[in-house]
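Okay, work.txt is below, compact mmCIF, C-alpha atoms and all ligand atoms:
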```txt
# COMPACT_ATOMS: atom_id res chain seq x y z
CA MET A 1 -3.67 29.30 -13.04
CA THR A 2 -2.53 25.85 -14.29
CA THR A 3 1.04 26.66 -13.16
CA LEU A 4 -0.19 27.54 -9.66
CA ILE A 5 -2.14 24.28 -9.45
CA MET A 6 0.91 22.30 -10.59
CA ILE A 7 3.08 24.05 -7.94
CA ALA A 8 0.45 23.34 -5.28
CA LEU A 9 0.33 19.67 -6.35
CA ALA A 10 4.14 19.41 -6.27
CA LEU A 11 4.20 20.92 -2.75
CA PHE A 12 1.48 18.50 -1.65
CA VAL A 13 3.46 15.53 -3.02
CA ILE A 14 6.63 16.65 -1.18
CA GLY A 15 4.71 17.47 2.01
CA SER A 16 2.82 14.17 2.07
CA MET A 17 5.98 12.11 1.53
CA THR A 18 7.76 14.02 4.31
CA TYR A 19 4.80 13.39 6.61
CA ALA A 20 4.59 9.66 5.77
CA TYR A 21 8.33 9.17 6.15
CA ALA A 22 9.15 11.28 9.22
CA TYR A 23 6.01 12.07 11.22
CA ARG A 24 3.16 9.57 10.78
CA GLY A 25 2.92 7.02 13.62
CA GLN A 26 5.66 5.71 15.92
CA ALA A 27 7.50 3.08 13.83
CA ARG A 28 10.23 4.47 11.56
CA TRP A 29 11.98 3.29 8.41
CA SER A 30 15.70 2.59 8.78
CA GLY A 31 16.36 5.36 6.22
CA PHE A 32 14.80 7.26 3.30
CA GLY A 33 16.12 4.60 0.91
CA GLU A 34 14.06 1.90 2.63
CA TYR A 35 10.97 4.12 2.44
CA VAL A 36 11.52 4.63 -1.31
CA ARG A 37 12.03 0.88 -1.89
CA LYS A 38 9.34 -0.52 0.39
CA GLY A 39 7.02 2.31 1.41
CA TRP A 40 5.09 2.64 -1.88
CA PRO A 41 5.82 6.42 -2.14
CA ILE A 42 3.89 6.55 -5.41
CA PHE A 43 0.69 5.99 -3.43
CA THR A 44 1.61 8.28 -0.52
CA PRO A 45 0.11 11.58 -1.83
CA PHE A 46 -3.25 10.01 -2.63
CA ASN A 47 -3.24 8.12 0.70
CA CYS A 48 -2.59 11.43 2.50
CA LEU A 49 -5.54 12.97 0.70
CA LEU A 50 -7.69 10.17 2.12
CA TYR A 51 -6.24 10.67 5.63
CA ILE A 52 -7.40 14.31 5.50
CA PHE A 53 -11.01 13.21 4.97
CA THR A 54 -10.83 10.22 7.38
CA LYS A 55 -13.08 10.43 10.44
CA ALA A 56 -11.35 10.77 13.84
CA LYS A 57 -12.28 7.24 14.97
CA ALA A 58 -10.29 5.74 12.05
CA ARG A 59 -7.12 7.81 12.43
CA PRO A 60 -5.14 5.76 15.00
CA ALA A 61 -3.01 2.80 13.92
CA ILE A 62 -5.24 0.45 15.95
CA MET A 63 -8.93 1.32 16.29
CA ASN A 64 -11.19 1.20 19.31
CA MET A 65 -13.69 -1.57 18.49
CA ALA A 66 -16.42 0.14 20.54
CA GLU A 67 -16.57 2.75 17.77
CA PHE A 68 -17.36 0.12 15.13
CA PRO A 69 -20.59 -1.52 16.39
CA GLU A 70 -21.44 -2.61 12.84
CA LEU A 71 -18.75 -5.32 13.14
CA LYS A 72 -20.10 -6.73 16.39
CA GLU A 73 -22.20 -9.37 14.62
CA LEU A 74 -19.08 -11.06 13.28
CA GLU A 75 -17.61 -11.25 16.78
CA GLU A 76 -20.89 -12.63 18.18
CA ASN A 77 -20.90 -15.39 15.54
CA TRP A 78 -17.21 -16.26 15.60
CA GLU A 79 -17.87 -19.91 16.41
CA VAL A 80 -20.22 -20.28 13.41
CA ILE A 81 -17.52 -18.77 11.17
CA ARG A 82 -14.82 -20.93 12.76
CA LYS A 83 -16.79 -24.15 12.14
CA GLU A 84 -17.06 -23.43 8.41
CA ALA A 85 -13.39 -22.40 8.17
CA ILE A 86 -12.12 -25.52 9.95
CA GLU A 87 -14.29 -27.83 7.81
CA LEU A 88 -13.08 -26.09 4.68
CA MET A 89 -9.47 -26.45 5.75
CA ALA A 90 -9.95 -30.16 6.54
CA GLU A 91 -11.32 -30.65 3.00
CA GLY A 92 -8.18 -29.04 1.50
CA GLY A 93 -9.85 -25.74 0.58
CA PHE A 94 -6.69 -23.80 1.40
CA ASP A 95 -4.33 -26.01 -0.62
CA GLN A 96 -5.06 -24.61 -4.12
CA ILE A 97 -2.97 -21.50 -3.62
CA THR A 98 0.25 -23.48 -3.26
CA ASP A 99 -0.24 -25.03 -6.73
CA LYS A 100 1.48 -23.01 -9.49
CA GLU A 101 -0.84 -24.65 -12.03
CA SER A 102 -3.84 -23.06 -10.30
CA ALA A 103 -4.97 -19.47 -11.03
CA SER A 104 -5.46 -19.00 -7.27
CA TYR A 105 -1.66 -19.05 -6.84
CA TYR A 106 -1.29 -15.73 -8.69
CA ASP A 107 -2.29 -13.11 -6.13
CA ILE A 108 -0.53 -9.84 -6.82
CA GLY A 109 -1.79 -8.23 -3.58
CA PHE A 110 -0.56 -10.96 -1.23
CA ARG A 111 2.19 -12.66 -3.28
CA THR A 112 5.00 -11.81 -0.84
CA PHE A 113 3.23 -13.63 2.00
CA TYR A 114 3.59 -17.08 0.37
CA LYS A 115 7.27 -17.35 1.24
CA TYR A 116 6.65 -18.52 4.81
CA GLY A 117 3.70 -20.82 4.21
CA TRP A 118 0.86 -18.30 4.57
CA THR A 119 -2.35 -19.54 2.93
CA LYS A 120 -5.83 -18.10 2.43
CA PHE A 121 -9.29 -18.69 1.02
CA TYR A 122 -11.24 -15.74 -0.42
CA LEU A 123 -14.86 -15.19 0.62
CA ASN A 124 -15.53 -11.99 -1.31
CA TRP A 125 -13.53 -9.13 -2.78
CA TYR A 126 -14.66 -5.59 -3.69
CA GLY A 127 -18.10 -6.30 -5.07
CA TYR A 128 -17.62 -9.94 -6.04
CA THR A 129 -18.62 -12.91 -3.85
CA HIS A 130 -16.75 -16.10 -4.69
CA GLU A 131 -18.96 -18.93 -5.93
CA SER A 132 -16.71 -21.43 -4.16
CA ALA A 133 -17.26 -19.57 -0.88
CA LYS A 134 -21.04 -19.49 -1.34
CA ARG A 135 -20.93 -23.25 -1.76
CA THR A 136 -18.58 -24.06 1.14
CA CYS A 137 -19.21 -21.28 3.69
CA PRO A 138 -22.86 -20.17 3.28
CA ARG A 139 -23.36 -18.95 6.85
CA THR A 140 -20.21 -16.84 6.84
CA ILE A 141 -21.20 -15.36 3.48
CA GLU A 142 -24.65 -14.55 4.87
CA LEU A 143 -23.13 -12.80 7.90
CA LEU A 144 -20.74 -10.80 5.73
CA SER A 145 -23.51 -9.78 3.31
CA LYS A 146 -25.35 -8.06 6.17
CA ILE A 147 -22.45 -5.64 6.74
CA PRO A 148 -22.08 -3.19 3.84
CA GLN A 149 -18.83 -1.82 5.30
CA VAL A 150 -17.07 -5.12 4.43
CA ASN A 151 -15.27 -4.55 1.12
CA GLY A 152 -13.54 -7.92 1.08
CA ALA A 153 -12.99 -10.99 3.25
CA MET A 154 -10.92 -14.14 3.41
CA PHE A 155 -9.77 -16.84 5.81
CA SER A 156 -6.07 -16.59 6.49
CA VAL A 157 -3.67 -19.12 7.99
CA LEU A 158 -0.21 -18.38 9.39
CA PRO A 159 1.54 -21.70 10.16
CA PRO A 160 3.96 -22.30 13.04
CA GLY A 161 7.27 -20.64 12.16
CA GLY A 162 5.49 -18.38 9.68
CA GLN A 163 6.04 -14.66 9.49
CA LEU A 164 5.14 -11.58 7.49
CA THR A 165 8.13 -9.30 7.30
CA ARG A 166 7.87 -5.61 8.17
CA HIS A 167 5.93 -3.75 5.51
CA LEU A 168 3.04 -1.44 4.88
CA ASP A 169 0.25 -1.97 2.38
CA PRO A 170 0.26 0.44 -0.58
CA VAL A 171 -3.33 1.70 -0.68
CA ALA A 172 -5.33 3.34 2.13
CA CYS A 173 -8.64 2.31 0.61
CA SER A 174 -9.77 0.19 3.59
CA LEU A 175 -8.97 -0.67 7.19
CA ARG A 176 -8.03 -4.27 8.05
CA TYR A 177 -10.12 -6.40 10.43
CA HIS A 178 -8.93 -9.64 12.03
CA LEU A 179 -11.18 -12.03 13.96
CA GLY A 180 -9.38 -14.85 15.80
CA LEU A 181 -10.97 -18.20 14.87
CA ASP A 182 -8.53 -20.98 15.76
CA THR A 183 -5.36 -19.42 17.09
CA PRO A 184 -2.55 -20.58 19.41
CA ASN A 185 -3.92 -18.09 22.03
CA ASP A 186 -0.28 -17.53 22.79
CA ASP A 187 1.72 -14.28 23.03
CA ARG A 188 4.34 -15.81 20.71
CA CYS A 189 1.81 -15.56 17.89
CA TYR A 190 1.37 -11.85 17.25
CA ILE A 191 1.20 -8.87 14.92
CA SER A 192 2.99 -5.60 15.56
CA VAL A 193 1.21 -2.52 14.19
CA ASP A 194 3.15 0.73 14.38
CA ASP A 195 5.23 -0.76 17.22
CA THR A 196 2.19 -1.93 19.22
CA LYS A 197 2.10 -5.69 19.74
CA TYR A 198 -1.20 -7.58 19.55
CA SER A 199 -1.57 -11.31 20.13
CA TRP A 200 -4.57 -13.06 18.52
CA ARG A 201 -7.15 -14.82 20.70
CA ASP A 202 -10.08 -16.99 19.58
CA GLY A 203 -13.18 -14.80 19.16
CA ASP A 204 -11.33 -11.50 19.63
CA PRO A 205 -11.31 -8.76 16.94
CA LEU A 206 -8.61 -6.34 15.84
CA LEU A 207 -9.07 -3.38 13.49
CA PHE A 208 -6.02 -1.51 12.20
CA ASP A 209 -4.72 0.71 9.42
CA VAL A 210 -2.49 -1.26 7.04
CA THR A 211 -0.71 1.90 5.88
CA PHE A 212 1.19 1.97 9.19
CA LEU A 213 4.28 -0.28 9.36
CA HIS A 214 3.37 -3.78 10.54
CA PHE A 215 4.74 -7.33 10.74
CA ALA A 216 3.59 -10.68 12.11
CA HIS A 217 5.18 -13.79 13.63
CA ASN A 218 3.87 -17.16 14.65
CA ASP A 219 6.54 -18.55 16.97
CA ALA A 220 4.01 -20.86 18.67
CA ASP A 221 3.58 -24.51 17.67
CA LYS A 222 0.05 -24.22 16.28
CA SER A 223 -1.39 -22.58 13.14
CA ARG A 224 -3.21 -19.28 13.37
CA LEU A 225 -6.56 -19.19 11.56
CA ILE A 226 -8.42 -15.87 11.35
CA LEU A 227 -11.16 -14.17 9.38
CA MET A 228 -9.52 -11.19 7.66
CA CYS A 229 -11.65 -8.41 6.18
CA ASP A 230 -11.16 -5.10 4.42
CA ILE A 231 -13.46 -2.57 6.08
CA ASP A 232 -14.44 0.63 4.32
CA ARG A 233 -12.39 3.59 5.59
CA PRO A 234 -14.77 5.87 7.50
CA MET A 235 -14.62 9.25 5.73
CA SER A 236 -16.69 12.27 4.79
CA TRP A 237 -18.74 11.99 1.58
CA PHE A 238 -15.95 13.74 -0.33
CA GLY A 239 -13.41 11.24 0.97
CA HIS A 240 -15.63 8.37 -0.23
CA LEU A 241 -15.76 10.02 -3.65
CA LEU A 242 -11.96 10.26 -3.74
CA ASN A 243 -11.72 6.61 -2.68
CA LEU A 244 -13.58 5.38 -5.78
CA PRO A 245 -10.48 5.04 -8.02
CA TYR A 246 -8.85 2.83 -5.37
CA LYS A 247 -11.95 0.64 -5.21
CA TRP A 248 -11.94 0.24 -9.00
CA LEU A 249 -8.28 -0.75 -8.74
CA MET A 250 -9.10 -3.34 -6.07
CA LYS A 251 -11.85 -4.85 -8.24
CA ALA A 252 -9.12 -5.80 -10.71
CA THR A 253 -7.37 -7.85 -8.02
CA VAL A 254 -10.09 -10.51 -7.59
CA VAL A 255 -8.33 -13.87 -7.24
CA PRO A 256 -10.26 -17.14 -7.64
CA ASN A 257 -10.16 -20.00 -5.12
CA THR A 258 -11.27 -22.55 -7.72
CA ASP A 259 -12.21 -22.62 -11.41
CA GLU A 260 -15.80 -21.72 -10.58
CA ASP A 261 -14.73 -18.21 -9.45
CA LYS A 262 -14.22 -15.05 -11.50
CA ARG A 263 -10.66 -13.89 -12.27
CA GLY A 264 -9.72 -10.20 -12.05
CA PHE A 265 -7.59 -8.48 -14.69
CA ALA A 266 -4.54 -8.40 -12.37
CA ASN A 267 -4.81 -12.15 -11.73
CA LYS A 268 -4.89 -12.92 -15.46
CA THR A 269 -1.94 -10.59 -16.15
CA PHE A 270 0.10 -11.77 -13.16
CA SER A 271 -0.35 -15.47 -14.03
CA THR A 272 1.04 -14.71 -17.52
CA LEU A 273 3.91 -12.56 -16.23
CA VAL A 274 5.28 -14.84 -13.49
CA PRO A 275 6.38 -17.70 -15.82
CA LEU A 276 7.94 -15.05 -18.12
CA LEU A 277 9.83 -13.53 -15.18
CA GLU A 278 11.13 -16.96 -14.25
CA LYS A 279 12.25 -17.51 -17.84
CA SER A 280 13.92 -14.07 -17.88
CA LYS A 281 15.99 -15.04 -14.83
CA ARG A 282 17.34 -18.00 -16.82
CA LEU A 283 17.98 -15.68 -19.78
CA LYS A 284 20.15 -13.47 -17.54
CA GLU A 285 22.52 -16.41 -17.06
CA THR A 286 22.64 -17.50 -20.73
CA ASN A 287 22.31 -14.23 -22.72
CA LEU A 288 22.93 -11.02 -20.77
CA PRO A 289 22.39 -8.50 -23.69
CA ALA A 290 19.02 -10.09 -24.55
CA TYR A 291 18.07 -10.01 -20.86
CA LYS A 292 18.96 -6.29 -20.60
CA ALA A 293 16.97 -5.45 -23.77
CA LEU A 294 13.96 -7.28 -22.33
CA LYS A 295 14.33 -5.60 -18.93
CA TYR A 296 14.46 -2.07 -20.40
CA THR A 297 11.50 -2.78 -22.68
CA VAL A 298 9.37 -4.05 -19.77
CA ASN A 299 10.43 -1.21 -17.45
CA GLY A 300 9.80 1.37 -20.19
CA THR A 301 6.32 -0.03 -20.83
CA LEU A 302 5.52 0.02 -17.11
CA MET A 303 6.71 3.64 -16.86
CA LEU A 304 4.47 4.60 -19.78
CA ILE A 305 1.46 2.91 -18.14
CA LEU A 306 2.25 4.66 -14.86
CA ALA A 307 2.62 8.04 -16.59
CA GLY A 308 -0.77 7.44 -18.25
CA LEU A 309 -2.37 6.67 -14.89
CA ILE A 310 -0.88 9.83 -13.29
CA TRP A 311 -2.10 11.89 -16.27
CA LEU A 312 -5.61 10.44 -15.82
CA PHE A 313 -5.47 11.23 -12.11
CA LEU A 314 -4.45 14.85 -12.77
CA LYS A 315 -7.29 15.16 -15.29
CA PHE A 316 -9.62 13.89 -12.56
CA ILE A 317 -8.32 16.51 -10.08
CA PHE A 318 -8.73 19.33 -12.63
CA TRP A 319 -12.23 18.06 -13.35
CA LEU A 320 -13.05 18.21 -9.61
CA LEU A 321 -11.71 21.77 -9.39
FE FE B 1 0.05 -6.02 5.43
```

Mind converting the file's structure to structure tokens?
Amino acid sequence: MTTLIMIALALFVIGSMTYAYAYRGQARWSGFGEYVRKGWPIFTPFNCLLYIFTKAKARPAIMNMAEFPELKELEENWEVIRKEAIELMAEGGFDQITDKESASYYDIGFRTFYKYGWTKFYLNWYGYTHESAKRTCPRTIELLSKIPQVNGAMFSVLPPGGQLTRHLDPVACSLRYHLGLDTPNDDRCYISVDDTKYSWRDGDPLLFDVTFLHFAHNDADKSRLILMCDIDRPMSWFGHLLNLPYKWLMKATVVPNTDEDKRGFANKTFSTLVPLLEKSKRLKETNLPAYKALKYTVNGTLMLILAGLIWLFLKFIFWLL
């Protein structure tokens, strides 16, 4: 019996990776190597499990907003939200994340976005509402608190010349919502989701699935300010049950804006690891054998942690069966 289950799981893993690589959506990787390096294949089987239990309205790459009336209130109050975001930005509320001395700099989920000047300010994140946001953006927080489907929210700024290179997000836990607040209203400022181009406009919403390939550019001469939210993936009750491990994982990724906010486990770990990684790069130049010993120790530890997580996941599946 156990052997049959293991064979079925292995077939599901192979099948789901084949589907994600070759059949899902329109946009394609340049080759299987790129998918392995950038497509987060380790998460693919579990993501596919969630796709199976996802409701029809949430299956396209870009959703039809008419099917998500619960988000309408945000759209109707976009000017209220914009006012708070612009005031916050004028007071320097977005500047903390560029300071390596600040805990807010160490954001494992969005670290790759910093390269081109992207900045953000968290409002809430998977069960935690930031104290700094309650203080600076009370009306936005109040609006968000009325919508239980919102798992997380932040203000996000993409400056002129900024870009997010082509990628997909690893976990299918939530859908991503964008509400244009203060944008260039220009076609040169856009996001491409699964090869469909969308240009932000003030007051207009966009809801899409981040596990399709996407990238963004701001080639206009003005910054793009939006409200960005994680919206609960609409699924059957069983799908919601399966989604719980992802939500626990996301809780660990709470990143503070200021010292008054809570820090998630990943933020604490990441802020310790980054200076060590920078030191290890210097070690590579001065003492190659020591660098290699360190690299294999770290990689080995990570593999052990990963193996432990997979073992726990399999135990969970067997428990469900
Ligand atoms: Fe993304």

* Give as an MDAnalysis selection string the set of residues within 12 Å of the point (-8.4, 6.1, -8.2), where distances use the file's coordinates and all atoms listed in the file. => chainID A and resid 43 45:47 49:50 171:173 239:251 309:317

Point (-7.8, 0.3, 7.7), cut-off 6 Å, counting only C-alpha atoms, residues as an mmCIF file with C-alpha atoms, in the frame of the given file:
```cif
data_model
loop_
_atom_site.group_PDB
_atom_site.id
_atom_site.type_symbol
_atom_site.label_atom_id
_atom_site.label_comp_id
_atom_site.auth_asym_id
_atom_site.auth_seq_id
_atom_site.Cartn_x
_atom_site.Cartn_y
_atom_site.Cartn_z
ATOM 1 C CA SER A 174 -9.770 0.190 3.590
ATOM 2 C CA LEU A 175 -8.970 -0.670 7.190
ATOM 3 C CA ARG A 176 -8.030 -4.270 8.050
ATOM 4 C CA PHE A 208 -6.020 -1.510 12.200
ATOM 5 C CA ASP A 209 -4.720 0.710 9.420
ATOM 6 C CA VAL A 210 -2.490 -1.260 7.040
#
```

* Please indicate the distance in Å from CA of Thr54 in chain A to CA of Pro170 in chain A, rounded to one decimal place. =>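 Between these atoms lies a distance of 16.8 Å.
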
Residues within 12 Å of Gly92 in chain A, please, as an mmCIF file with C-alpha atoms, in the coordinates of the input. Count all atoms listed in the file; anything in the same chain fewer than 3 positions from it doesn't count.
```
data_model
loop_
_atom_site.group_PDB
_atom_site.id
_atom_site.type_symbol
_atom_site.label_atom_id
_atom_site.label_comp_id
_atom_site.auth_asym_id
_atom_site.auth_seq_id
_atom_site.Cartn_x
_atom_site.Cartn_y
_atom_site.Cartn_z
ATOM 1 C CA ALA A 85 -13.390 -22.400 8.170
ATOM 2 C CA ILE A 86 -12.120 -25.520 9.950
ATOM 3 C CA GLU A 87 -14.290 -27.830 7.810
ATOM 4 C CA LEU A 88 -13.080 -26.090 4.680
ATOM 5 C CA MET A 89 -9.470 -26.450 5.750
ATOM 6 C CA ASP A 95 -4.330 -26.010 -0.620
ATOM 7 C CA GLN A 96 -5.060 -24.610 -4.120
ATOM 8 C CA ILE A 97 -2.970 -21.500 -3.620
ATOM 9 C CA THR A 98 0.250 -23.480 -3.260
ATOM 10 C CA THR A 119 -2.350 -19.540 2.930
ATOM 11 C CA LYS A 120 -5.830 -18.100 2.430
ATOM 12 C CA PHE A 121 -9.290 -18.690 1.020
ATOM 13 C CA THR A 136 -18.580 -24.060 1.140
ATOM 14 C CA ASN A 257 -10.160 -20.000 -5.120
ATOM 15 C CA THR A 258 -11.270 -22.550 -7.720
#
```

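Rounded to one decimal, CA of Asp221 in chain A and CA of Asp186 in chain A lie 9.5 Å from each other.
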
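Interatomic distance, CA of Ala252 in chain A against CA of Tyr122 in chain A: 14.5 Å.
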
* **Shell of 12 Å around range 202-204 of chain A, all atoms listed in the file, local chain residues under 2 positions omitted, as a PyMOL selection string** => chain A and resi 65+71-82+177-186+198-200+206-207+224-227

* Name each residue within 8 Å of ligand FE 1 (chain B), counting only C-alpha atoms and all ligand atoms, as a PyMOL selection string. => chain A and resi 164+167-169+210-211+214-215

* Structure fact -> Of A:Val157, A:Lys295, A:Lys134, A:Ser30, the one nearest to Leu276 in chain A when counting only C-alpha atoms is A:Lys295

* To do: Choose the residue, out of A:Lys146, A:Lys55, A:His217, A:Arg188, that has the smallest atom-to-atom separation from Gly117 in chain A; count all atoms listed in the file.
  =>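 Among A:Lys146, A:Lys55, A:His217, A:Arg188, it is A:His217 that comes nearest to Gly117 in chain A.
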
All residues 12 Å or closer to Gly15 in chain A, only C-alpha atoms, same chain fewer than 6 positions away omitted, as a compact mmCIF listing (two decimals) with C-alpha atoms, keeping the file's coordinate frame:
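Contents of part.txt, freshly written:
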```txt
# COMPACT_ATOMS: atom_id res chain seq x y z
CA ALA A 8 0.45 23.34 -5.28
CA LEU A 9 0.33 19.67 -6.35
CA TYR A 21 8.33 9.17 6.15
CA ALA A 22 9.15 11.28 9.22
CA TYR A 23 6.01 12.07 11.22
CA ARG A 24 3.16 9.57 10.78
CA PRO A 41 5.82 6.42 -2.14
CA THR A 44 1.61 8.28 -0.52
CA PRO A 45 0.11 11.58 -1.83
CA PHE A 46 -3.25 10.01 -2.63
CA CYS A 48 -2.59 11.43 2.50
CA LEU A 49 -5.54 12.97 0.70
```

* So, counting all atoms listed in the file, which residue among A:Leu294, A:Cys189, A:Leu213, A:Met235 is closest to Gly25 in chain A? ->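 Nearest candidate to Gly25 in chain A out of A:Leu294, A:Cys189, A:Leu213, A:Met235: A:Leu213.
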
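When all atoms listed in the file are used to compute distances to Gln26 in chain A, the closest of the residues A:Asp230, A:Asp261, A:Asp194, A:Asp107 turns out to be A:Asp194.
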